[in-house]
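**Q** Here it is: the structure, laid out below.
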Amino acid sequence: MSSARSILLLALAPLAVAAWPFAAVAQTQPAAPAPDPASIQRQIDEIRAMKESMADQMGQLDARINALETELQATVPGITIPPPEVQQTVSAEPQPQIPGEAPILTTDTKTSPGSGAIVDAFDEIYDPNRGIVLAAGEWGELDVTLATYVRYLNQMGLDDSYTDSFGRTFDIDRRQEAQLQKVTFTFKGWLFDPKFRWLIFAWTANTSQGLGAQTVWAGNLTYKFNDALTVGGGIIALPTTRSTMYTYPHWLRVDNRTSADEYFRGSYTSGFWAEGEIVDRLYYRAVIANNLSTLGIDAGQLNDEFNTVSGALWWMPTTGEFGYAKGFGDFDWHEEVATLFGVSYTRSPEDAQSQPTEDNGFDNVQLRLSDGTNIFSPNAFAPGVQVDRATYQMASLNAGVKYRGWSFEGEYYARWIDDFEANGPLPVDDLFDHGFQLQTSFMPVRDTLQAYISASKIWGEFGNPGDVGVGLNWFPLHRRNLRLNGQLLYLNHSPVGGLAYPYAVGGNGWVLTTDAVLAF
């Protein structure tokens, strides 16, 4: 019997006990006069009021359960919480069905004040930490999550061309358009043993229609031996910056990093890794992989050295957590000061053959000079000269604090590129670029409205680009799952860009974006 049904029976039991003597007396009394319609209507109204009050109380109980489950999972990472027993209430009227699908179940829905918890059959299969639980039992679990957004982009405030540090001028294809920008389906769960987990995701960007990496199917397998050691293999995001530590899509900006983060970071690749908790509230992740970015790269393009290494440490000393998915901003509204400190290092020998061949492939990274020039492109440093190999090294430090809707978060980056091999003389033997990003936000209306400002700067050997962004996030359902975003960006000679991003390589000027985001 479900918890909701138990509460209902306990609430009605005193009424039944109190009504029993009157029912016995009624059997011995003469017939009552004709009922008064007004009296009947009053009783109906009273029963409806009682029903609504009970629904509100149940909503508050469900919200409390969800909060406790979230707290438990934050306290004991990796714990699997069994889904609640589903209580199905079928509506009196038959509902339309799609052939071959299960009947559609409906209930009355209510939202308890301030909790945002919806009391319906969907709550029985939806868990904020796992997504929609399609199946769960003794032998395994299958969950699904979705992230997608619709974007309006206006780049008409950018200059129509830019000149790189070598005096070459390039046109900028400024865009104004609407796109269903990205769709990500993730299927995940465990099989036979909760320690053995699997994840498969499908990822597509409509801005990259027709390109090799427009649609990606990927995934990984992991096994947790204990809190200190989980091992995995498959596709992984190299932990080069905080945005590649599985914080997506919980960013202040909608699926666009600051230009410094985009410039310095690594991407998704194939490899093996280990991760876990070293001591209380101190965590690590160590990866050995193919290259910096495997999106759009086939196996024949990879070298046989398998020597990309990346590692990260992060520490959450005050509360042991940093909000949902350790994302940016304090939508969680911490009542105690939450803090996060992190460090990462990555080294990867790269060659021209293993690079994404398209600037416009989504979420690819390419090694660029700070004026936007791809170092592996023909004639990058001199006419007729092309770099064949180079070694990338990057370190980052990040820190953040959250409290009662406020967040202050920053990150410093340092990158070295050396060991150049080219088919001709180069004007440089090595490169060193460094930079930072700062992001701050506050929520003037809890669970509803979030304002933010973010900025970044790069000091490079071929220019000092940067960007500033200001925006608002509105959560109309008072939940993180649906938000509307408006954002104004100022780009100062952007060193990065592509069709999947609001910025263009060399972009200088203003960009406007608006987004509607669904994520669960």
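Naming works like this for the structure tokens: A, B, ... for the chains as they're shown, residue 1 at the start of each chain, ligands 1 onward in shown order.
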Considering only C-alpha atoms, return as a ChimeraX atom specification whatever protein or nucleic-acid residues lie within 9 Å of A:Tyr149, sequence-local ones (same chain, fewer than 5 positions apart) excluded.
**A** /A:179-183,254,515-519
**Q** Please list as a ChimeraX atom specification every residue within 8 Å of stretch 410-426 of chain A, counting only C-alpha atoms and excluding residues in the same chain fewer than 2 positions away.
**A** /A:264,381-382,384-400,408,428-439
**Q** Using only C-alpha atoms, which of the listed residues (A:Asn481, A:Gln176, A:Thr318, A:Thr514) sits closest to A:Asp280?
**A**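 Of all the options, A:Thr318 lies closest to A:Asp280.
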**Q** Would you tabulate, counting only C-alpha atoms, all residues of stretch 308-374 of chain A that have an atom at most 10 Å from an atom of stretch 465-475 of chain A, showing the closest pair of atoms and their distance in Å to one decimal, sorted by chain then ascending number, as a Markdown table?
**A**
```
| residue | atom | partner | partner_atom | distance |
| --- | --- | --- | --- | --- |
| A:Phe331 | CA | A:Phe475 | CA | 9.9 |
| A:Ser370 | CA | A:Pro465 | CA | 7.0 |
| A:Asp371 | CA | A:Pro465 | CA | 7.6 |
| A:Gly372 | CA | A:Pro465 | CA | 9.5 |
```
**Q** Since we have the selection now, will you write its residues out, keeping N, CA and C atoms, as a CSV table (one decimal), in the first residue's frame?
**A**
```csv
chain,number,residue,atom,x,y,z
A,331,PHE,N,20.5,28.2,-7.4
A,331,PHE,CA,19.1,27.9,-7.5
A,331,PHE,C,18.7,27.1,-6.3
A,370,SER,N,45.6,33.0,-29.8
A,370,SER,CA,44.7,33.9,-29.2
A,370,SER,C,44.0,34.8,-30.2
A,371,ASP,N,44.4,34.9,-31.4
A,371,ASP,CA,43.7,35.6,-32.5
A,371,ASP,C,42.7,34.8,-33.2
A,372,GLY,N,42.5,33.5,-32.8
A,372,GLY,CA,41.5,32.6,-33.4
A,372,GLY,C,42.1,31.7,-34.4
```
**Q** Please extract the residues of stretch 151-374 of chain A with a backbone DSSP assignment of strand (DSSP E) and present them as an mmCIF file with N, CA and C atoms, in the first residue's frame.
**A**
```cif
data_model
loop_
_atom_site.group_PDB
_atom_site.id
_atom_site.type_symbol
_atom_site.label_atom_id
_atom_site.label_comp_id
_atom_site.auth_asym_id
_atom_site.auth_seq_id
_atom_site.Cartn_x
_atom_site.Cartn_y
_atom_site.Cartn_z
ATOM 1 N N ARG A 151 16.553 28.391 -29.477
ATOM 2 C CA ARG A 151 17.334 29.633 -29.377
ATOM 3 C C ARG A 151 17.004 30.596 -30.507
ATOM 4 N N TYR A 152 16.914 31.864 -30.129
ATOM 5 C CA TYR A 152 16.961 32.954 -31.097
ATOM 6 C C TYR A 152 18.317 33.621 -30.954
ATOM 7 N N LEU A 153 19.043 33.762 -32.079
ATOM 8 C CA LEU A 153 20.391 34.315 -32.083
ATOM 9 C C LEU A 153 20.440 35.525 -33.004
ATOM 10 N N ASN A 154 21.053 36.600 -32.528
ATOM 11 C CA ASN A 154 21.234 37.797 -33.340
ATOM 12 C C ASN A 154 22.682 38.274 -33.194
ATOM 13 N N GLN A 155 23.474 38.073 -34.263
ATOM 14 C CA GLN A 155 24.871 38.497 -34.291
ATOM 15 C C GLN A 155 25.086 39.748 -35.132
ATOM 16 N N MET A 156 24.017 40.451 -35.476
ATOM 17 C CA MET A 156 24.146 41.583 -36.394
ATOM 18 C C MET A 156 24.893 42.759 -35.768
ATOM 19 N N GLY A 157 25.131 42.705 -34.448
ATOM 20 C CA GLY A 157 25.916 43.744 -33.792
ATOM 21 C C GLY A 157 27.413 43.533 -33.870
ATOM 22 N N LEU A 158 27.872 42.464 -34.533
ATOM 23 C CA LEU A 158 29.300 42.201 -34.699
ATOM 24 C C LEU A 158 29.848 42.930 -35.919
ATOM 25 N N SER A 161 33.983 41.750 -40.343
ATOM 26 C CA SER A 161 35.257 41.104 -40.672
ATOM 27 C C SER A 161 36.233 41.313 -39.527
ATOM 28 N N TYR A 162 37.327 40.556 -39.556
ATOM 29 C CA TYR A 162 38.389 40.751 -38.568
ATOM 30 C C TYR A 162 39.735 40.500 -39.225
ATOM 31 N N THR A 163 40.784 41.038 -38.622
ATOM 32 C CA THR A 163 42.145 40.884 -39.115
ATOM 33 C C THR A 163 42.975 40.182 -38.055
ATOM 34 N N THR A 169 42.897 39.305 -43.428
ATOM 35 C CA THR A 169 41.528 39.726 -43.137
ATOM 36 C C THR A 169 40.551 38.630 -43.548
ATOM 37 N N PHE A 170 39.581 38.361 -42.664
ATOM 38 C CA PHE A 170 38.584 37.322 -42.906
ATOM 39 C C PHE A 170 37.188 37.908 -42.694
ATOM 40 N N ASP A 171 36.265 37.484 -43.542
ATOM 41 C CA ASP A 171 34.867 37.886 -43.376
ATOM 42 C C ASP A 171 34.222 37.084 -42.251
ATOM 43 N N GLN A 176 21.424 35.650 -37.982
ATOM 44 C CA GLN A 176 20.218 35.933 -37.214
ATOM 45 C C GLN A 176 19.237 34.824 -37.541
ATOM 46 N N GLU A 177 18.865 34.020 -36.544
ATOM 47 C CA GLU A 177 18.104 32.809 -36.826
ATOM 48 C C GLU A 177 17.447 32.277 -35.566
ATOM 49 N N ALA A 178 16.554 31.324 -35.761
ATOM 50 C CA ALA A 178 15.962 30.534 -34.685
ATOM 51 C C ALA A 178 16.300 29.077 -34.941
ATOM 52 N N GLN A 179 16.670 28.346 -33.891
ATOM 53 C CA GLN A 179 17.062 26.950 -34.030
ATOM 54 C C GLN A 179 16.582 26.144 -32.831
ATOM 55 N N LEU A 180 16.148 24.898 -33.094
ATOM 56 C CA LEU A 180 16.092 23.903 -32.021
ATOM 57 C C LEU A 180 17.533 23.448 -31.857
ATOM 58 N N GLN A 181 18.220 24.051 -30.922
ATOM 59 C CA GLN A 181 19.676 24.047 -30.933
ATOM 60 C C GLN A 181 20.274 22.667 -30.669
ATOM 61 N N LYS A 182 19.881 22.051 -29.576
ATOM 62 C CA LYS A 182 20.506 20.787 -29.188
ATOM 63 C C LYS A 182 19.464 19.894 -28.531
ATOM 64 N N VAL A 183 19.591 18.583 -28.747
ATOM 65 C CA VAL A 183 18.743 17.604 -28.073
ATOM 66 C C VAL A 183 19.656 16.503 -27.537
ATOM 67 N N THR A 184 19.556 16.252 -26.243
ATOM 68 C CA THR A 184 20.355 15.202 -25.609
ATOM 69 C C THR A 184 19.441 14.265 -24.840
ATOM 70 N N PHE A 185 19.398 13.006 -25.256
ATOM 71 C CA PHE A 185 18.710 11.950 -24.517
ATOM 72 C C PHE A 185 19.759 11.094 -23.813
ATOM 73 N N THR A 186 19.569 10.851 -22.534
ATOM 74 C CA THR A 186 20.492 9.999 -21.784
ATOM 75 C C THR A 186 19.719 8.843 -21.161
ATOM 76 N N PHE A 187 20.162 7.635 -21.429
ATOM 77 C CA PHE A 187 19.607 6.426 -20.822
ATOM 78 C C PHE A 187 20.675 5.857 -19.893
ATOM 79 N N LYS A 188 20.292 5.579 -18.645
ATOM 80 C CA LYS A 188 21.285 5.143 -17.678
ATOM 81 C C LYS A 188 20.632 4.253 -16.621
ATOM 82 N N GLY A 189 21.471 3.613 -15.840
ATOM 83 C CA GLY A 189 20.953 2.757 -14.776
ATOM 84 C C GLY A 189 22.005 1.771 -14.321
ATOM 85 N N TRP A 190 21.548 0.676 -13.737
ATOM 86 C CA TRP A 190 22.454 -0.376 -13.306
ATOM 87 C C TRP A 190 21.872 -1.723 -13.709
ATOM 88 N N LEU A 191 22.736 -2.737 -13.704
ATOM 89 C CA LEU A 191 22.316 -4.067 -14.143
ATOM 90 C C LEU A 191 22.909 -5.125 -13.228
ATOM 91 N N ASP A 193 23.808 -5.692 -10.442
ATOM 92 C CA ASP A 193 24.438 -5.235 -9.206
ATOM 93 C C ASP A 193 24.449 -3.701 -9.244
ATOM 94 N N PRO A 194 23.930 -3.015 -8.213
ATOM 95 C CA PRO A 194 23.917 -1.545 -8.237
ATOM 96 C C PRO A 194 25.294 -0.923 -8.412
ATOM 97 N N LYS A 195 26.357 -1.670 -8.172
ATOM 98 C CA LYS A 195 27.705 -1.135 -8.360
ATOM 99 C C LYS A 195 28.106 -1.094 -9.829
ATOM 100 N N PHE A 196 27.413 -1.878 -10.657
ATOM 101 C CA PHE A 196 27.717 -1.908 -12.092
ATOM 102 C C PHE A 196 26.719 -1.017 -12.819
ATOM 103 N N ARG A 197 27.195 0.123 -13.311
ATOM 104 C CA ARG A 197 26.327 1.117 -13.928
ATOM 105 C C ARG A 197 26.669 1.288 -15.394
ATOM 106 N N TRP A 198 25.674 1.681 -16.155
ATOM 107 C CA TRP A 198 25.857 1.915 -17.582
ATOM 108 C C TRP A 198 25.179 3.226 -17.969
ATOM 109 N N LEU A 199 25.650 3.822 -19.054
ATOM 110 C CA LEU A 199 25.101 5.087 -19.551
ATOM 111 C C LEU A 199 25.254 5.142 -21.063
ATOM 112 N N ILE A 200 24.162 5.462 -21.743
ATOM 113 C CA ILE A 200 24.166 5.641 -23.194
ATOM 114 C C ILE A 200 23.480 6.964 -23.488
ATOM 115 N N PHE A 201 24.069 7.787 -24.363
ATOM 116 C CA PHE A 201 23.396 9.028 -24.701
ATOM 117 C C PHE A 201 23.436 9.289 -26.199
ATOM 118 N N ALA A 202 22.391 9.958 -26.675
ATOM 119 C CA ALA A 202 22.294 10.430 -28.054
ATOM 120 C C ALA A 202 22.291 11.948 -28.008
ATOM 121 N N TRP A 203 23.090 12.561 -28.848
ATOM 122 C CA TRP A 203 23.346 13.988 -28.760
ATOM 123 C C TRP A 203 23.361 14.559 -30.173
ATOM 124 N N THR A 204 22.525 15.527 -30.456
ATOM 125 C CA THR A 204 22.473 16.100 -31.789
ATOM 126 C C THR A 204 22.328 17.605 -31.711
ATOM 127 N N ALA A 205 22.912 18.303 -32.695
ATOM 128 C CA ALA A 205 22.814 19.758 -32.786
ATOM 129 C C ALA A 205 22.299 20.118 -34.170
ATOM 130 N N THR A 215 25.337 14.229 -35.191
ATOM 131 C CA THR A 215 24.680 13.340 -34.230
ATOM 132 C C THR A 215 25.723 12.405 -33.626
ATOM 133 N N VAL A 216 25.691 12.273 -32.331
ATOM 134 C CA VAL A 216 26.656 11.435 -31.619
ATOM 135 C C VAL A 216 25.897 10.424 -30.773
ATOM 136 N N TRP A 217 26.281 9.164 -30.877
ATOM 137 C CA TRP A 217 25.851 8.126 -29.943
ATOM 138 C C TRP A 217 27.082 7.720 -29.148
ATOM 139 N N ALA A 218 26.980 7.753 -27.848
ATOM 140 C CA ALA A 218 28.141 7.434 -27.020
ATOM 141 C C ALA A 218 27.671 6.907 -25.674
ATOM 142 N N GLY A 219 28.631 6.510 -24.847
ATOM 143 C CA GLY A 219 28.282 6.004 -23.523
ATOM 144 C C GLY A 219 29.488 5.466 -22.801
ATOM 145 N N ASN A 220 29.231 4.864 -21.630
ATOM 146 C CA ASN A 220 30.321 4.281 -20.862
ATOM 147 C C ASN A 220 29.774 3.254 -19.880
ATOM 148 N N LEU A 221 30.680 2.458 -19.330
ATOM 149 C CA LEU A 221 30.385 1.468 -18.300
ATOM 150 C C LEU A 221 31.268 1.754 -17.088
ATOM 151 N N THR A 222 30.721 1.643 -15.890
ATOM 152 C CA THR A 222 31.506 1.869 -14.679
ATOM 153 C C THR A 222 31.195 0.800 -13.636
ATOM 154 N N TYR A 223 32.151 0.575 -12.754
ATOM 155 C CA TYR A 223 31.948 -0.334 -11.623
ATOM 156 C C TYR A 223 32.519 0.325 -10.381
ATOM 157 N N LYS A 224 31.713 0.399 -9.329
ATOM 158 C CA LYS A 224 32.112 1.022 -8.075
ATOM 159 C C LYS A 224 32.531 -0.052 -7.081
ATOM 160 N N PHE A 225 33.820 -0.095 -6.770
ATOM 161 C CA PHE A 225 34.312 -1.039 -5.781
ATOM 162 C C PHE A 225 33.985 -0.570 -4.370
ATOM 163 N N ASN A 226 34.186 0.719 -4.139
ATOM 164 C CA ASN A 226 33.874 1.334 -2.855
ATOM 165 C C ASN A 226 33.865 2.843 -3.066
ATOM 166 N N LEU A 229 36.999 4.147 -4.930
ATOM 167 C CA LEU A 229 37.405 3.690 -6.255
ATOM 168 C C LEU A 229 36.213 3.244 -7.096
ATOM 169 N N THR A 230 35.982 3.992 -8.164
ATOM 170 C CA THR A 230 35.097 3.590 -9.253
ATOM 171 C C THR A 230 35.921 3.619 -10.522
ATOM 172 N N VAL A 231 35.843 2.566 -11.344
ATOM 173 C CA VAL A 231 36.580 2.533 -12.603
ATOM 174 C C VAL A 231 35.582 2.528 -13.747
ATOM 175 N N GLY A 232 35.993 3.086 -14.878
ATOM 176 C CA GLY A 232 35.089 3.165 -16.019
ATOM 177 C C GLY A 232 35.835 3.146 -17.329
ATOM 178 N N GLY A 233 35.091 2.902 -18.405
ATOM 179 C CA GLY A 233 35.634 2.924 -19.746
ATOM 180 C C GLY A 233 34.579 3.379 -20.736
ATOM 181 N N GLY A 234 35.023 4.087 -21.771
ATOM 182 C CA GLY A 234 34.103 4.579 -22.795
ATOM 183 C C GLY A 234 34.336 6.052 -23.053
ATOM 184 N N ILE A 235 33.277 6.763 -23.406
ATOM 185 C CA ILE A 235 33.362 8.195 -23.661
ATOM 186 C C ILE A 235 33.342 8.942 -22.331
ATOM 187 N N ILE A 236 34.252 9.905 -22.183
ATOM 188 C CA ILE A 236 34.307 10.714 -20.968
ATOM 189 C C ILE A 236 34.702 12.138 -21.347
ATOM 190 N N ALA A 237 34.230 13.099 -20.570
ATOM 191 C CA ALA A 237 34.683 14.483 -20.710
ATOM 192 C C ALA A 237 35.983 14.630 -19.938
ATOM 193 N N TYR A 268 35.243 15.845 -25.145
ATOM 194 C CA TYR A 268 34.882 14.443 -24.950
ATOM 195 C C TYR A 268 35.822 13.551 -25.758
ATOM 196 N N THR A 269 36.264 12.476 -25.143
ATOM 197 C CA THR A 269 37.138 11.536 -25.816
ATOM 198 C C THR A 269 36.873 10.137 -25.271
ATOM 199 N N SER A 270 37.554 9.146 -25.820
ATOM 200 C CA SER A 270 37.421 7.755 -25.373
ATOM 201 C C SER A 270 38.623 7.371 -24.528
ATOM 202 N N GLY A 271 38.356 6.622 -23.447
ATOM 203 C CA GLY A 271 39.454 6.200 -22.599
ATOM 204 C C GLY A 271 38.991 5.441 -21.385
ATOM 205 N N PHE A 272 39.857 5.391 -20.384
ATOM 206 C CA PHE A 272 39.577 4.715 -19.118
ATOM 207 C C PHE A 272 39.855 5.691 -17.978
ATOM 208 N N TRP A 273 39.183 5.489 -16.854
ATOM 209 C CA TRP A 273 39.368 6.417 -15.747
ATOM 210 C C TRP A 273 39.085 5.739 -14.417
ATOM 211 N N ALA A 274 39.549 6.425 -13.366
ATOM 212 C CA ALA A 274 39.255 6.047 -11.987
ATOM 213 C C ALA A 274 38.851 7.305 -11.239
ATOM 214 N N GLU A 275 37.924 7.153 -10.288
ATOM 215 C CA GLU A 275 37.469 8.302 -9.517
ATOM 216 C C GLU A 275 36.944 7.825 -8.175
ATOM 217 N N GLY A 276 36.831 8.770 -7.246
ATOM 218 C CA GLY A 276 36.314 8.410 -5.939
ATOM 219 C C GLY A 276 36.594 9.487 -4.911
ATOM 220 N N GLU A 277 36.331 9.158 -3.655
ATOM 221 C CA GLU A 277 36.532 10.066 -2.536
ATOM 222 C C GLU A 277 37.782 9.647 -1.790
ATOM 223 N N ILE A 278 38.789 10.530 -1.763
ATOM 224 C CA ILE A 278 40.060 10.203 -1.122
ATOM 225 C C ILE A 278 39.898 10.218 0.394
ATOM 226 N N VAL A 279 39.460 11.334 0.900
ATOM 227 C CA VAL A 279 39.095 11.487 2.309
ATOM 228 C C VAL A 279 37.778 12.244 2.319
ATOM 229 N N LEU A 282 36.835 15.260 -0.151
ATOM 230 C CA LEU A 282 37.887 15.471 -1.150
ATOM 231 C C LEU A 282 37.797 14.363 -2.195
ATOM 232 N N TYR A 283 37.644 14.748 -3.478
ATOM 233 C CA TYR A 283 37.384 13.796 -4.557
ATOM 234 C C TYR A 283 38.437 13.929 -5.654
ATOM 235 N N TYR A 284 38.557 12.868 -6.460
ATOM 236 C CA TYR A 284 39.518 12.872 -7.563
ATOM 237 C C TYR A 284 38.911 12.201 -8.788
ATOM 238 N N ARG A 285 39.492 12.509 -9.956
ATOM 239 C CA ARG A 285 39.207 11.795 -11.200
ATOM 240 C C ARG A 285 40.483 11.782 -12.019
ATOM 241 N N ALA A 286 40.901 10.604 -12.501
ATOM 242 C CA ALA A 286 42.111 10.446 -13.298
ATOM 243 C C ALA A 286 41.755 9.701 -14.578
ATOM 244 N N VAL A 287 42.215 10.225 -15.735
ATOM 245 C CA VAL A 287 41.796 9.712 -17.043
ATOM 246 C C VAL A 287 43.026 9.468 -17.912
ATOM 247 N N ILE A 288 43.029 8.366 -18.666
ATOM 248 C CA ILE A 288 43.958 8.150 -19.756
ATOM 249 C C ILE A 288 43.123 7.913 -21.002
ATOM 250 N N ALA A 289 43.447 8.623 -22.104
ATOM 251 C CA ALA A 289 42.506 8.657 -23.223
ATOM 252 C C ALA A 289 43.229 8.793 -24.558
ATOM 253 N N THR A 308 47.125 10.637 -23.857
ATOM 254 C CA THR A 308 46.462 11.800 -23.274
ATOM 255 C C THR A 308 46.118 11.478 -21.830
ATOM 256 N N VAL A 309 46.565 12.316 -20.899
ATOM 257 C CA VAL A 309 46.289 12.107 -19.480
ATOM 258 C C VAL A 309 45.658 13.375 -18.911
ATOM 259 N N SER A 310 44.722 13.170 -17.997
ATOM 260 C CA SER A 310 44.027 14.301 -17.381
ATOM 261 C C SER A 310 43.603 13.910 -15.983
ATOM 262 N N GLY A 311 43.665 14.867 -15.053
ATOM 263 C CA GLY A 311 43.258 14.586 -13.685
ATOM 264 C C GLY A 311 42.707 15.820 -13.010
ATOM 265 N N ALA A 312 41.859 15.590 -12.022
ATOM 266 C CA ALA A 312 41.251 16.693 -11.285
ATOM 267 C C ALA A 312 41.032 16.305 -9.839
ATOM 268 N N LEU A 313 41.161 17.280 -8.948
ATOM 269 C CA LEU A 313 40.813 17.164 -7.539
ATOM 270 C C LEU A 313 39.798 18.253 -7.218
ATOM 271 N N TRP A 314 38.795 17.930 -6.419
ATOM 272 C CA TRP A 314 37.882 18.974 -5.963
ATOM 273 C C TRP A 314 37.495 18.700 -4.509
ATOM 274 N N TRP A 315 37.338 19.797 -3.784
ATOM 275 C CA TRP A 315 37.141 19.757 -2.331
ATOM 276 C C TRP A 315 35.970 20.657 -1.980
ATOM 277 N N ALA A 338 28.100 27.233 1.161
ATOM 278 C CA ALA A 338 28.681 26.087 0.448
ATOM 279 C C ALA A 338 29.908 26.564 -0.321
ATOM 280 N N THR A 339 30.969 25.787 -0.276
ATOM 281 C CA THR A 339 32.213 26.170 -0.940
ATOM 282 C C THR A 339 32.752 25.017 -1.777
ATOM 283 N N LEU A 340 33.476 25.382 -2.834
ATOM 284 C CA LEU A 340 34.090 24.404 -3.732
ATOM 285 C C LEU A 340 35.450 24.936 -4.168
ATOM 286 N N PHE A 341 36.461 24.063 -4.127
ATOM 287 C CA PHE A 341 37.794 24.384 -4.623
ATOM 288 C C PHE A 341 38.245 23.225 -5.512
ATOM 289 N N GLY A 342 38.825 23.543 -6.671
ATOM 290 C CA GLY A 342 39.226 22.487 -7.579
ATOM 291 C C GLY A 342 40.500 22.825 -8.327
ATOM 292 N N VAL A 343 41.196 21.790 -8.774
ATOM 293 C CA VAL A 343 42.407 21.947 -9.566
ATOM 294 C C VAL A 343 42.429 20.829 -10.603
ATOM 295 N N SER A 344 42.963 21.115 -11.794
ATOM 296 C CA SER A 344 43.045 20.076 -12.827
ATOM 297 C C SER A 344 44.301 20.280 -13.657
ATOM 298 N N TYR A 345 44.733 19.203 -14.305
ATOM 299 C CA TYR A 345 45.902 19.248 -15.193
ATOM 300 C C TYR A 345 45.673 18.248 -16.311
ATOM 301 N N THR A 346 46.045 18.631 -17.530
ATOM 302 C CA THR A 346 45.884 17.770 -18.699
ATOM 303 C C THR A 346 47.104 17.913 -19.603
ATOM 304 N N ARG A 347 47.542 16.792 -20.138
ATOM 305 C CA ARG A 347 48.626 16.788 -21.128
ATOM 306 C C ARG A 347 48.212 15.892 -22.284
ATOM 307 N N SER A 348 48.395 16.392 -23.508
ATOM 308 C CA SER A 348 47.970 15.618 -24.675
ATOM 309 C C SER A 348 48.821 15.961 -25.897
ATOM 310 N N PRO A 349 49.644 15.020 -26.380
ATOM 311 C CA PRO A 349 50.300 15.214 -27.676
ATOM 312 C C PRO A 349 49.240 15.139 -28.786
ATOM 313 N N GLU A 350 49.183 16.148 -29.633
ATOM 314 C CA GLU A 350 48.176 16.229 -30.687
ATOM 315 C C GLU A 350 48.867 16.289 -32.045
ATOM 316 N N ASP A 351 48.189 15.748 -33.066
ATOM 317 C CA ASP A 351 48.697 15.899 -34.423
ATOM 318 C C ASP A 351 47.585 16.376 -35.342
#
```
**Q** If I take atom CA of A:Leu491 and atom CA of A:Asp159, how far is one from the other in Å, to one decimal?
**A** 10.3 Å
